[in-house]
Amino acid sequence: MALLLRGGRVVDPAAGVDGIFDVIVRDGEIVEVGEDLTIPKGETIECAEKVLLPGLADVHTHLREPGREDEETVASGTRAAAHGGFTAICAMPNTDPVCDTGSKVRFLVERAAEEGVVRVYPIGAVTKGQKGEQLAEIGDMVSEGAIAFSDDGHGVQSGGMTRIAMDYLKRFDCVLISHCEDESLVAGGVVNEGVISTRMGLPGWPAAAEETIVARDIRIAELTGCRLHLAHLSTAGSVALVREAKARGLAVTCEVTPHHLFLDEDALSRYDTNLKMNPPLRSHADREALLAALLDGTVDCIATDHAPHAAHEKELEFELAPFGTTGLETALSLVNTHLVATGQIQWADVVRLMCHGPRAALGLPEARLAGGYPADITIVDPEARVEVGPEWFVSKSRNSAFAGASLLGKASEVLVGGVWALRNGKVVA
Ligand SMILES: [Zn+2]
């Protein structure tokens, strides 16, 4: 079955294209990108006014299966990903039970093959049960398809254990993803420490609780030679440390989330638990520093940290509610609304930050809009309006920090290996 995607703006800096072209897809692969292409038989999709990007990848998704299938499953989470324009997601291991053995990685790989509509790459736990005491079964997990390792949700508290893990991961050329949180410094904090924690009368979470671990893990990466990826950086100090590490040539990459880029602590006055994050929303100055780091190349990728939560848990009072916001279905629209439509970045930058950057950071297979590559393609309607109401979400959870927002642009079609995952804005069943 051949497909002709006709007359869209095809953008892929890695393939050296940005212009109006046709794309031919056959047998799951991109056959050709060029002008005035035709196919003898098959289906033609008119893509005028649309933007075609190589498949977007999210390096930070919480699928909640196994353990909290009421919040998200592989089936619902991959459909939420397709709805948001992603063709690939990386699944964090802090499920119940924790994904810390080869058989648990295999469970996820098989589940994704049976029920997923986008590609799912498992991330294994660094330590058994993410307890920070003993190394998890890294080798077995690599054999079963784990692509990186993280104790996301807590972070590895001990520097000594982090060193042991990095020494070991280096042998597999695997990345350690650091959730940068010194729990002894967080000490029950729920919002950024400073004016906002005082005004709200809530325990503060200092920037130093993140920055000390960023600094520590960069030093341990340097010591061991292991690749390090820093998750959801939220402070000016953190991105300054990464900028310096990169200037010294270290193999350090980092991500920022849409909620830390487009929201700050000033939004918190309503005690809305959908704005309770780990790490917390920071100051306006931090947010500006993240944006500057995004623009100067310090930030490798935008990651969603999609964290679905049951409504009855988010409805608890602020201190008791769980941390996190969903993100897969709003990320691309937010990036378009705040960065592309305002002229701060170009579509080629979106490809860098949401396709090539994330794939390079974790060593995922490359995506290109070029002949011979798998047909993993995100088609964007940049003028479509998105009202982020309850009916917008395909995810099982509704805890979005951007609920009620009116956004510009959304994915209209998603192809994964030449198979439709999203068509005319609707997720394929
Ligand atoms: Zn995390």
# chains A, B, ... in the order shown; residues from 1 in each chain; ligands from 1
$ closest_atom_pairs --of "chain A" --to "ligand 1" --cutoff "6 Å" --atoms "only C-alpha atoms and all ligand atoms" --output "JSON lines"
{"residue": "A:Asp152", "atom": "CA", "partner": "ligand 1", "partner_atom_place_in_ligand_line": "1 (Zn)", "distance": 4.4}
{"residue": "A:Gly153", "atom": "CA", "partner": "ligand 1", "partner_atom_place_in_ligand_line": "1 (Zn)", "distance": 4.6}
{"residue": "A:His179", "atom": "CA", "partner": "ligand 1", "partner_atom_place_in_ligand_line": "1 (Zn)", "distance": 4.7}
$ write_last_selection --atoms "N, CA, C and O atoms" --output "compact mmCIF listing (two decimals), in the first residue's frame"
# COMPACT_ATOMS: atom_id res chain seq x y z
N ASP A 152 13.89 7.72 38.31
CA ASP A 152 13.02 8.89 38.24
C ASP A 152 11.86 8.75 39.23
O ASP A 152 11.31 7.67 39.42
N GLY A 153 11.52 9.85 39.82
CA GLY A 153 10.51 9.85 40.87
C GLY A 153 11.15 10.16 42.21
O GLY A 153 10.58 10.86 43.04
N HIS A 179 17.10 12.12 37.93
CA HIS A 179 16.02 12.93 38.49
C HIS A 179 16.68 13.68 39.65
O HIS A 179 16.98 13.09 40.68
$ residues_around --residues "Thr61 (chain A)" --least-positions-apart "5" --cutoff "7 Å" --atoms "only C-alpha atoms" --output "MDAnalysis selection string"
chainID A and resid 89:92 304:307
$ select_by_dssp --residues "region 52-270 of chain A" --states "strand (DSSP E)" --output "VMD selection string"
chain A and resid 52 to 54 56 to 61 86 to 91 119 to 124 148 to 150 175 to 178 191 to 192 204 to 205 227 to 230 252 to 256
$ residues_around --residues "Ala236 (chain A)" --least-positions-apart "2" --cutoff "7 Å" --atoms "only C-alpha atoms" --output "list in words"
Ser238, Val239, Ala240, Asp286, Ala289 and Leu290 of chain A
$ residues_around --residues "region 409-423 of chain A" --least-positions-apart "2" --cutoff "8 Å" --atoms "only C-alpha atoms" --output "JSON list (two decimals) with all heavy atoms, in the first residue's frame"
[["chain", "number", "residue", "atom", "x", "y", "z"],
["A", 25, "VAL", "N", 5.37, 7.08, 0.71],
["A", 25, "VAL", "CA", 5.55, 6.05, 1.74],
["A", 25, "VAL", "C", 5.07, 4.72, 1.15],
["A", 25, "VAL", "O", 3.98, 4.66, 0.56],
["A", 25, "VAL", "CB", 4.72, 6.39, 3.00],
["A", 25, "VAL", "CG1", 4.71, 5.23, 3.98],
["A", 25, "VAL", "CG2", 5.25, 7.66, 3.67],
["A", 26, "ARG", "N", 5.89, 3.70, 1.32],
["A", 26, "ARG", "CA", 5.46, 2.37, 0.86],
["A", 26, "ARG", "C", 6.05, 1.31, 1.78],
["A", 26, "ARG", "O", 7.21, 1.41, 2.18],
["A", 26, "ARG", "CB", 5.91, 2.13, -0.59],
["A", 26, "ARG", "CG", 5.30, 0.85, -1.20],
["A", 26, "ARG", "CD", 5.75, 0.60, -2.63],
["A", 26, "ARG", "NE", 5.30, 1.63, -3.56],
["A", 26, "ARG", "CZ", 6.11, 2.40, -4.29],
["A", 26, "ARG", "NH1", 7.42, 2.29, -4.17],
["A", 26, "ARG", "NH2", 5.62, 3.30, -5.10],
["A", 27, "ASP", "N", 5.24, 0.32, 2.14],
["A", 27, "ASP", "CA", 5.68, -0.80, 2.98],
["A", 27, "ASP", "C", 6.37, -0.31, 4.27],
["A", 27, "ASP", "O", 7.39, -0.86, 4.68],
["A", 27, "ASP", "CB", 6.64, -1.72, 2.21],
["A", 27, "ASP", "CG", 5.96, -2.32, 0.98],
["A", 27, "ASP", "OD1", 4.73, -2.53, 1.04],
["A", 27, "ASP", "OD2", 6.65, -2.56, -0.03],
["A", 28, "GLY", "N", 5.80, 0.74, 4.85],
["A", 28, "GLY", "CA", 6.30, 1.19, 6.14],
["A", 28, "GLY", "C", 7.51, 2.10, 6.08],
["A", 28, "GLY", "O", 7.99, 2.57, 7.11],
["A", 29, "GLU", "N", 8.01, 2.34, 4.86],
["A", 29, "GLU", "CA", 9.20, 3.18, 4.74],
["A", 29, "GLU", "C", 8.92, 4.41, 3.89],
["A", 29, "GLU", "O", 8.03, 4.41, 3.05],
["A", 29, "GLU", "CB", 10.33, 2.39, 4.03],
["A", 29, "GLU", "CG", 11.13, 1.52, 4.95],
["A", 29, "GLU", "CD", 12.42, 1.06, 4.29],
["A", 29, "GLU", "OE1", 12.67, 1.38, 3.11],
["A", 29, "GLU", "OE2", 13.19, 0.37, 4.99],
["A", 55, "GLY", "N", 9.13, 11.93, 13.01],
["A", 55, "GLY", "CA", 8.34, 11.57, 14.18],
["A", 55, "GLY", "C", 8.89, 12.10, 15.50],
["A", 55, "GLY", "O", 10.05, 11.87, 15.84],
["A", 79, "ARG", "N", -1.93, 6.14, 22.90],
["A", 79, "ARG", "CA", -2.92, 6.90, 22.13],
["A", 79, "ARG", "C", -2.86, 8.40, 22.47],
["A", 79, "ARG", "O", -3.00, 9.26, 21.59],
["A", 79, "ARG", "CB", -4.32, 6.33, 22.36],
["A", 79, "ARG", "CG", -4.53, 5.07, 21.51],
["A", 79, "ARG", "CD", -5.68, 4.20, 21.94],
["A", 79, "ARG", "NE", -5.80, 3.05, 21.04],
["A", 79, "ARG", "CZ", -5.00, 1.97, 21.08],
["A", 79, "ARG", "NH1", -4.03, 1.87, 21.97],
["A", 79, "ARG", "NH2", -5.16, 0.98, 20.21],
["A", 82, "ALA", "N", 0.07, 9.68, 20.48],
["A", 82, "ALA", "CA", -0.27, 9.91, 19.07],
["A", 82, "ALA", "C", -1.12, 11.17, 18.93],
["A", 82, "ALA", "O", -0.91, 11.98, 18.02],
["A", 82, "ALA", "CB", -1.02, 8.70, 18.51],
["A", 83, "HIS", "N", -2.05, 11.36, 19.85],
["A", 83, "HIS", "CA", -2.91, 12.55, 19.83],
["A", 83, "HIS", "C", -2.08, 13.83, 19.90],
["A", 83, "HIS", "O", -2.41, 14.84, 19.29],
["A", 83, "HIS", "CB", -3.89, 12.47, 21.01],
["A", 83, "HIS", "CG", -5.00, 13.46, 20.93],
["A", 83, "HIS", "ND1", -5.52, 14.07, 22.05],
["A", 83, "HIS", "CD2", -5.70, 13.97, 19.89],
["A", 83, "HIS", "CE1", -6.48, 14.90, 21.68],
["A", 83, "HIS", "NE2", -6.62, 14.85, 20.38],
["A", 84, "GLY", "N", -0.97, 13.76, 20.65],
["A", 84, "GLY", "CA", -0.10, 14.91, 20.79],
["A", 84, "GLY", "C", 0.97, 15.02, 19.71],
["A", 84, "GLY", "O", 1.78, 15.94, 19.74],
["A", 85, "GLY", "N", 1.00, 14.06, 18.78],
["A", 85, "GLY", "CA", 1.95, 14.14, 17.67],
["A", 85, "GLY", "C", 3.22, 13.33, 17.84],
["A", 85, "GLY", "O", 4.13, 13.42, 17.01],
["A", 86, "PHE", "N", 3.30, 12.52, 18.89],
["A", 86, "PHE", "CA", 4.51, 11.72, 19.11],
["A", 86, "PHE", "C", 4.39, 10.37, 18.41],
["A", 86, "PHE", "O", 3.32, 9.75, 18.41],
["A", 86, "PHE", "CB", 4.74, 11.49, 20.61],
["A", 86, "PHE", "CG", 5.07, 12.74, 21.37],
["A", 86, "PHE", "CD1", 4.09, 13.46, 22.04],
["A", 86, "PHE", "CD2", 6.38, 13.21, 21.39],
["A", 86, "PHE", "CE1", 4.40, 14.63, 22.72],
["A", 86, "PHE", "CE2", 6.70, 14.39, 22.08],
["A", 86, "PHE", "CZ", 5.72, 15.10, 22.74],
["A", 87, "THR", "N", 5.51, 9.91, 17.86],
["A", 87, "THR", "CA", 5.56, 8.57, 17.29],
["A", 87, "THR", "C", 6.34, 7.61, 18.19],
["A", 87, "THR", "O", 6.35, 6.41, 17.94],
["A", 87, "THR", "CB", 6.24, 8.56, 15.89],
["A", 87, "THR", "OG1", 7.62, 8.92, 16.03],
["A", 87, "THR", "CG2", 5.54, 9.53, 14.95],
["A", 117, "VAL", "N", 0.10, 2.12, 20.01],
["A", 117, "VAL", "CA", -0.03, 2.66, 18.66],
["A", 117, "VAL", "C", 1.17, 3.52, 18.28],
["A", 117, "VAL", "O", 1.27, 3.98, 17.14],
["A", 117, "VAL", "CB", -1.34, 3.46, 18.48],
["A", 117, "VAL", "CG1", -2.55, 2.56, 18.70],
["A", 117, "VAL", "CG2", -1.39, 4.67, 19.39],
["A", 118, "VAL", "N", 2.07, 3.77, 19.24],
["A", 118, "VAL", "CA", 3.35, 4.41, 18.92],
["A", 118, "VAL", "C", 4.46, 3.52, 19.49],
["A", 118, "VAL", "O", 4.19, 2.58, 20.24],
["A", 118, "VAL", "CB", 3.47, 5.85, 19.49],
["A", 118, "VAL", "CG1", 2.31, 6.71, 19.01],
["A", 118, "VAL", "CG2", 3.56, 5.86, 21.01],
["A", 119, "ARG", "N", 5.69, 3.83, 19.15],
["A", 119, "ARG", "CA", 6.81, 3.01, 19.65],
["A", 119, "ARG", "C", 7.04, 3.33, 21.13],
["A", 119, "ARG", "O", 6.98, 4.48, 21.55],
["A", 119, "ARG", "CB", 8.08, 3.30, 18.84],
["A", 119, "ARG", "CG", 7.90, 3.00, 17.36],
["A", 119, "ARG", "CD", 9.19, 3.29, 16.59],
["A", 119, "ARG", "NE", 8.92, 3.40, 15.16],
["A", 119, "ARG", "CZ", 8.88, 2.37, 14.32],
["A", 119, "ARG", "NH1", 9.10, 1.15, 14.76],
["A", 119, "ARG", "NH2", 8.62, 2.55, 13.02],
["A", 332, "LEU", "N", 3.16, 19.82, 21.98],
["A", 332, "LEU", "CA", 3.40, 20.38, 20.65],
["A", 332, "LEU", "C", 2.59, 21.68, 20.44],
["A", 332, "LEU", "O", 3.10, 22.66, 19.91],
["A", 332, "LEU", "CB", 3.05, 19.35, 19.57],
["A", 332, "LEU", "CG", 3.20, 19.80, 18.12],
["A", 332, "LEU", "CD1", 4.66, 20.16, 17.80],
["A", 332, "LEU", "CD2", 2.71, 18.71, 17.17],
["A", 333, "SER", "N", 1.34, 21.66, 20.90],
["A", 333, "SER", "CA", 0.50, 22.87, 20.75],
["A", 333, "SER", "C", 1.08, 24.03, 21.57],
["A", 333, "SER", "O", 1.06, 25.18, 21.13],
["A", 333, "SER", "CB", -0.93, 22.58, 21.22],
["A", 333, "SER", "OG", -1.51, 21.55, 20.43],
["A", 336, "ASN", "N", 4.15, 25.36, 19.76],
["A", 336, "ASN", "CA", 3.76, 26.18, 18.61],
["A", 336, "ASN", "C", 3.21, 27.53, 19.07],
["A", 336, "ASN", "O", 3.60, 28.59, 18.57],
["A", 336, "ASN", "CB", 2.72, 25.45, 17.76],
["A", 336, "ASN", "CG", 2.37, 26.25, 16.51],
["A", 336, "ASN", "OD1", 3.25, 26.61, 15.74],
["A", 336, "ASN", "ND2", 1.10, 26.57, 16.35],
["A", 337, "THR", "N", 2.32, 27.50, 20.05],
["A", 337, "THR", "CA", 1.67, 28.72, 20.51],
["A", 337, "THR", "C", 2.68, 29.74, 21.05],
["A", 337, "THR", "O", 2.65, 30.92, 20.70],
["A", 337, "THR", "CB", 0.66, 28.38, 21.62],
["A", 337, "THR", "OG1", -0.28, 27.42, 21.11],
["A", 337, "THR", "CG2", -0.08, 29.63, 22.10],
["A", 374, "PRO", "N", 12.27, 4.58, 8.26],
["A", 374, "PRO", "CA", 10.90, 4.19, 8.61],
["A", 374, "PRO", "C", 9.95, 5.38, 8.48],
["A", 374, "PRO", "O", 10.35, 6.52, 8.76],
["A", 374, "PRO", "CB", 11.02, 3.75, 10.08],
["A", 374, "PRO", "CG", 12.45, 3.44, 10.29],
["A", 374, "PRO", "CD", 13.22, 4.35, 9.36],
["A", 375, "ALA", "N", 8.73, 5.10, 8.07],
["A", 375, "ALA", "CA", 7.75, 6.18, 7.88],
["A", 375, "ALA", "C", 7.14, 6.56, 9.22],
["A", 375, "ALA", "O", 5.98, 6.28, 9.51],
["A", 375, "ALA", "CB", 6.70, 5.76, 6.87],
["A", 376, "ASP", "N", 7.96, 7.17, 10.06],
["A", 376, "ASP", "CA", 7.50, 7.75, 11.33],
["A", 376, "ASP", "C", 7.40, 9.26, 11.10],
["A", 376, "ASP", "O", 8.43, 9.96, 11.04],
["A", 376, "ASP", "CB", 8.50, 7.47, 12.46],
["A", 376, "ASP", "CG", 8.51, 6.01, 12.88],
["A", 376, "ASP", "OD1", 7.92, 5.18, 12.17],
["A", 376, "ASP", "OD2", 9.10, 5.69, 13.94],
["A", 377, "ILE", "N", 6.18, 9.74, 10.92],
["A", 377, "ILE", "CA", 5.98, 11.12, 10.46],
["A", 377, "ILE", "C", 4.89, 11.79, 11.29],
["A", 377, "ILE", "O", 3.85, 11.19, 11.56],
["A", 377, "ILE", "CB", 5.58, 11.14, 8.96],
["A", 377, "ILE", "CG1", 6.64, 10.42, 8.11],
["A", 377, "ILE", "CG2", 5.37, 12.58, 8.47],
["A", 377, "ILE", "CD1", 6.25, 10.26, 6.65],
["A", 378, "THR", "N", 5.17, 13.02, 11.72],
["A", 378, "THR", "CA", 4.18, 13.84, 12.42],
["A", 378, "THR", "C", 3.74, 14.95, 11.49],
["A", 378, "THR", "O", 4.58, 15.72, 11.00],
["A", 378, "THR", "CB", 4.81, 14.44, 13.70],
["A", 378, "THR", "OG1", 5.28, 13.38, 14.54],
["A", 378, "THR", "CG2", 3.79, 15.29, 14.45],
["A", 379, "ILE", "N", 2.44, 15.01, 11.22],
["A", 379, "ILE", "CA", 1.91, 16.07, 10.35],
["A", 379, "ILE", "C", 1.15, 17.06, 11.23],
["A", 379, "ILE", "O", 0.29, 16.67, 12.02],
["A", 379, "ILE", "CB", 0.99, 15.49, 9.26],
["A", 379, "ILE", "CG1", 1.76, 14.42, 8.45],
["A", 379, "ILE", "CG2", 0.46, 16.59, 8.35],
["A", 379, "ILE", "CD1", 0.95, 13.77, 7.34],
["A", 380, "VAL", "N", 1.53, 18.33, 11.12],
["A", 380, "VAL", "CA", 0.99, 19.36, 12.00],
["A", 380, "VAL", "C", 0.11, 20.32, 11.22],
["A", 380, "VAL", "O", 0.47, 20.75, 10.12],
["A", 380, "VAL", "CB", 2.14, 20.16, 12.66],
["A", 380, "VAL", "CG1", 1.59, 21.16, 13.68],
["A", 380, "VAL", "CG2", 3.15, 19.23, 13.31],
["A", 381, "ASP", "N", -1.05, 20.65, 11.79],
["A", 381, "ASP", "CA", -1.86, 21.74, 11.27],
["A", 381, "ASP", "C", -1.58, 22.94, 12.17],
["A", 381, "ASP", "O", -2.11, 23.05, 13.27],
["A", 381, "ASP", "CB", -3.35, 21.36, 11.33],
["A", 381, "ASP", "CG", -4.23, 22.50, 10.81],
["A", 381, "ASP", "OD1", -3.71, 23.61, 10.61],
["A", 381, "ASP", "OD2", -5.43, 22.25, 10.62],
["A", 382, "PRO", "N", -0.72, 23.87, 11.71],
["A", 382, "PRO", "CA", -0.26, 24.93, 12.61],
["A", 382, "PRO", "C", -1.32, 25.98, 12.92],
["A", 382, "PRO", "O", -1.15, 26.76, 13.85],
["A", 382, "PRO", "CB", 0.93, 25.55, 11.86],
["A", 382, "PRO", "CG", 0.74, 25.19, 10.44],
["A", 382, "PRO", "CD", -0.07, 23.93, 10.39],
["A", 383, "GLU", "N", -2.42, 26.00, 12.16],
["A", 383, "GLU", "CA", -3.45, 27.01, 12.38],
["A", 383, "GLU", "C", -4.66, 26.48, 13.16],
["A", 383, "GLU", "O", -5.57, 27.24, 13.48],
["A", 383, "GLU", "CB", -3.93, 27.57, 11.04],
["A", 383, "GLU", "CG", -2.84, 28.23, 10.20],
["A", 383, "GLU", "CD", -2.20, 29.43, 10.89],
["A", 383, "GLU", "OE1", -2.88, 30.08, 11.72],
["A", 383, "GLU", "OE2", -1.01, 29.70, 10.63],
["A", 384, "ALA", "N", -4.67, 25.20, 13.47],
["A", 384, "ALA", "CA", -5.82, 24.62, 14.17],
["A", 384, "ALA", "C", -5.90, 25.17, 15.59],
["A", 384, "ALA", "O", -4.89, 25.41, 16.24],
["A", 384, "ALA", "CB", -5.69, 23.11, 14.21],
["A", 385, "ARG", "N", -7.13, 25.39, 16.07],
["A", 385, "ARG", "CA", -7.31, 25.86, 17.45],
["A", 385, "ARG", "C", -7.53, 24.65, 18.35],
["A", 385, "ARG", "O", -8.22, 23.72, 17.99],
["A", 385, "ARG", "CB", -8.55, 26.76, 17.60],
["A", 385, "ARG", "CG", -8.55, 28.08, 16.89],
["A", 385, "ARG", "CD", -7.60, 29.16, 17.30],
["A", 385, "ARG", "NE", -7.07, 29.20, 18.66],
["A", 385, "ARG", "CZ", -6.21, 30.13, 19.07],
["A", 385, "ARG", "NH1", -5.81, 31.08, 18.25],
["A", 385, "ARG", "NH2", -5.73, 30.12, 20.29],
["A", 386, "VAL", "N", -6.92, 24.71, 19.53],
["A", 386, "VAL", "CA", -7.10, 23.67, 20.52],
["A", 386, "VAL", "C", -7.65, 24.30, 21.79],
["A", 386, "VAL", "O", -7.04, 25.21, 22.35],
["A", 386, "VAL", "CB", -5.75, 22.97, 20.86],
["A", 386, "VAL", "CG1", -5.95, 21.97, 22.00],
["A", 386, "VAL", "CG2", -5.18, 22.28, 19.64],
["A", 407, "LEU", "N", -5.06, 27.05, 22.68],
["A", 407, "LEU", "CA", -3.75, 26.93, 22.04],
["A", 407, "LEU", "C", -3.90, 26.91, 20.52],
["A", 407, "LEU", "O", -4.98, 26.68, 19.99],
["A", 407, "LEU", "CB", -3.05, 25.65, 22.52],
["A", 407, "LEU", "CG", -2.86, 25.53, 24.04],
["A", 407, "LEU", "CD1", -2.25, 24.18, 24.40],
["A", 407, "LEU", "CD2", -2.01, 26.67, 24.58],
["A", 425, "GLY", "N", -6.90, 14.27, 12.97],
["A", 425, "GLY", "CA", -6.96, 14.70, 14.36],
["A", 425, "GLY", "C", -7.53, 13.66, 15.32],
["A", 425, "GLY", "O", -7.57, 13.89, 16.52],
["A", 426, "LYS", "N", -7.96, 12.52, 14.78],
["A", 426, "LYS", "CA", -8.56, 11.48, 15.63],
["A", 426, "LYS", "C", -7.60, 10.30, 15.77],
["A", 426, "LYS", "O", -7.02, 9.83, 14.78],
["A", 426, "LYS", "CB", -9.86, 10.97, 15.01],
["A", 426, "LYS", "CG", -10.94, 12.04, 14.90],
["A", 426, "LYS", "CD", -11.82, 12.04, 16.15],
["A", 426, "LYS", "CE", -12.89, 13.12, 16.09],
["A", 426, "LYS", "NZ", -12.35, 14.48, 16.34],
["A", 427, "VAL", "N", -7.47, 9.81, 16.99],
["A", 427, "VAL", "CA", -6.63, 8.66, 17.23],
["A", 427, "VAL", "C", -7.28, 7.42, 16.63],
["A", 427, "VAL", "O", -8.48, 7.19, 16.81],
["A", 427, "VAL", "CB", -6.41, 8.45, 18.74],
["A", 427, "VAL", "CG1", -5.61, 7.18, 19.00],
["A", 427, "VAL", "CG2", -5.69, 9.65, 19.34],
["A", 428, "VAL", "N", -6.48, 6.66, 15.89],
["A", 428, "VAL", "CA", -6.99, 5.44, 15.26],
["A", 428, "VAL", "C", -7.19, 4.39, 16.35],
["A", 428, "VAL", "O", -6.30, 4.18, 17.20],
["A", 428, "VAL", "CB", -6.00, 4.96, 14.19],
["A", 428, "VAL", "CG1", -6.42, 3.61, 13.63],
["A", 428, "VAL", "CG2", -5.90, 6.01, 13.08]]
$ select_by_dssp --residues "region 84-136 of chain A" --states "alpha helix (DSSP H)" --output "number ranges by chain"
A: 102-115
$ write_last_selection --atoms "N, CA and C atoms" --output "PDB file, in the first residue's frame"
ATOM      1  N   GLY A 102      14.754  -7.877  33.853  1.00  0.00           N
ATOM      2  CA  GLY A 102      14.565  -8.160  32.435  1.00  0.00           C
ATOM      3  C   GLY A 102      13.139  -8.556  32.110  1.00  0.00           C
ATOM      4  N   SER A 103      12.530  -9.370  32.976  1.00  0.00           N
ATOM      5  CA  SER A 103      11.167  -9.842  32.662  1.00  0.00           C
ATOM      6  C   SER A 103      10.157  -8.695  32.702  1.00  0.00           C
ATOM      7  N   LYS A 104      10.400  -7.713  33.563  1.00  0.00           N
ATOM      8  CA  LYS A 104       9.470  -6.576  33.598  1.00  0.00           C
ATOM      9  C   LYS A 104       9.642  -5.680  32.362  1.00  0.00           C
ATOM     10  N   VAL A 105      10.881  -5.575  31.886  1.00  0.00           N
ATOM     11  CA  VAL A 105      11.099  -4.841  30.633  1.00  0.00           C
ATOM     12  C   VAL A 105      10.396  -5.577  29.494  1.00  0.00           C
ATOM     13  N   ARG A 106      10.533  -6.923  29.494  1.00  0.00           N
ATOM     14  CA  ARG A 106       9.903  -7.715  28.429  1.00  0.00           C
ATOM     15  C   ARG A 106       8.384  -7.547  28.465  1.00  0.00           C
ATOM     16  N   PHE A 107       7.822  -7.510  29.654  1.00  0.00           N
ATOM     17  CA  PHE A 107       6.367  -7.292  29.795  1.00  0.00           C
ATOM     18  C   PHE A 107       5.950  -6.013  29.059  1.00  0.00           C
ATOM     19  N   LEU A 108       6.719  -4.954  29.275  1.00  0.00           N
ATOM     20  CA  LEU A 108       6.372  -3.675  28.659  1.00  0.00           C
ATOM     21  C   LEU A 108       6.541  -3.721  27.140  1.00  0.00           C
ATOM     22  N   VAL A 109       7.630  -4.352  26.695  1.00  0.00           N
ATOM     23  CA  VAL A 109       7.872  -4.467  25.251  1.00  0.00           C
ATOM     24  C   VAL A 109       6.732  -5.244  24.591  1.00  0.00           C
ATOM     25  N   GLU A 110       6.313  -6.332  25.235  1.00  0.00           N
ATOM     26  CA  GLU A 110       5.237  -7.151  24.662  1.00  0.00           C
ATOM     27  C   GLU A 110       3.900  -6.407  24.701  1.00  0.00           C
ATOM     28  N   ARG A 111       3.659  -5.745  25.799  1.00  0.00           N
ATOM     29  CA  ARG A 111       2.433  -4.963  25.942  1.00  0.00           C
ATOM     30  C   ARG A 111       2.340  -3.898  24.852  1.00  0.00           C
ATOM     31  N   ALA A 112       3.475  -3.231  24.627  1.00  0.00           N
ATOM     32  CA  ALA A 112       3.508  -2.170  23.615  1.00  0.00           C
ATOM     33  C   ALA A 112       3.260  -2.736  22.220  1.00  0.00           C
ATOM     34  N   ALA A 113       3.831  -3.924  21.967  1.00  0.00           N
ATOM     35  CA  ALA A 113       3.637  -4.549  20.647  1.00  0.00           C
ATOM     36  C   ALA A 113       2.175  -4.932  20.447  1.00  0.00           C
ATOM     37  N   GLU A 114       1.521  -5.387  21.537  1.00  0.00           N
ATOM     38  CA  GLU A 114       0.127  -5.835  21.427  1.00  0.00           C
ATOM     39  C   GLU A 114      -0.844  -4.658  21.375  1.00  0.00           C
ATOM     40  N   GLU A 115      -0.627  -3.662  22.208  1.00  0.00           N
ATOM     41  CA  GLU A 115      -1.659  -2.655  22.443  1.00  0.00           C
ATOM     42  C   GLU A 115      -1.255  -1.232  22.107  1.00  0.00           C
TER      43      GLU A 115
END
$ residues_around --residues "Ile138 (chain A)" --least-positions-apart "6" --cutoff "9 Å" --atoms "only C-alpha atoms" --output "NGL selection string"
:A and (100-102 or 124-127 or 146 or 149 or 168-169 or 172)
$ atom_distance --atom1 "CA of Gly389 (chain A)" --atom2 "CA of Ala405 (chain A)"
7.9 Å
$ closest_residue --among "A:Thr224, A:Ser197, A:Ser184, A:Asn399" --to "Arg163 (chain A)" --atoms "only C-alpha atoms"
A:Thr224
$ closest_atom_pairs --of "region 28-92 of chain A" --to "region 323-326 of chain A" --cutoff "12 Å" --atoms "only C-alpha atoms" --output "Markdown table"
| residue | atom | partner | partner_atom | distance |
| --- | --- | --- | --- | --- |
| A:His60 | CA | A:Thr326 | CA | 11.2 |
| A:Thr61 | CA | A:Thr326 | CA | 9.1 |
| A:His62 | CA | A:Thr326 | CA | 9.0 |
| A:Leu63 | CA | A:Thr326 | CA | 10.6 |
| A:Arg64 | CA | A:Thr326 | CA | 11.9 |
| A:Glu71 | CA | A:Thr326 | CA | 10.5 |
| A:Glu72 | CA | A:Thr326 | CA | 10.3 |
| A:Gly77 | CA | A:Thr326 | CA | 10.2 |
| A:Ala80 | CA | A:Thr326 | CA | 9.7 |
| A:Ala81 | CA | A:Thr326 | CA | 10.7 |
| A:Gly84 | CA | A:Thr326 | CA | 11.2 |
$ write_last_selection --atoms "N, CA and C atoms" --output "compact mmCIF listing (two decimals), in the first residue's frame"
# COMPACT_ATOMS: atom_id res chain seq x y z
N HIS A 60 10.34 11.16 28.30
CA HIS A 60 9.95 11.14 29.71
C HIS A 60 8.44 10.99 29.85
N THR A 61 7.96 9.74 29.79
CA THR A 61 6.53 9.45 29.91
C THR A 61 6.30 8.47 31.05
N HIS A 62 5.28 8.73 31.84
CA HIS A 62 4.86 7.76 32.87
C HIS A 62 3.59 7.07 32.38
N LEU A 63 3.71 5.77 32.10
CA LEU A 63 2.56 5.03 31.54
C LEU A 63 1.68 4.40 32.62
N ARG A 64 2.21 4.27 33.84
CA ARG A 64 1.42 3.78 35.00
C ARG A 64 1.03 2.30 34.94
N GLU A 71 -5.11 5.10 36.02
CA GLU A 71 -4.59 6.42 35.63
C GLU A 71 -4.11 6.45 34.17
N GLU A 72 -3.47 5.37 33.74
CA GLU A 72 -2.99 5.28 32.35
C GLU A 72 -2.58 3.83 32.10
N GLY A 77 -1.97 5.47 27.04
CA GLY A 77 -0.83 6.39 27.01
C GLY A 77 -0.24 6.54 25.61
N ALA A 80 -2.63 8.71 23.73
CA ALA A 80 -2.42 10.11 24.11
C ALA A 80 -1.19 10.67 23.40
N ALA A 81 -0.15 9.84 23.29
CA ALA A 81 1.07 10.26 22.61
C ALA A 81 0.79 10.58 21.14
N GLY A 84 -0.97 13.76 20.65
CA GLY A 84 -0.10 14.91 20.79
C GLY A 84 0.97 15.02 19.71
$ closest_residue --among "A:His284, A:Lys128, A:Arg9, A:Arg68" --to "Lys396 (chain A)" --atoms "only C-alpha atoms"
A:Arg68
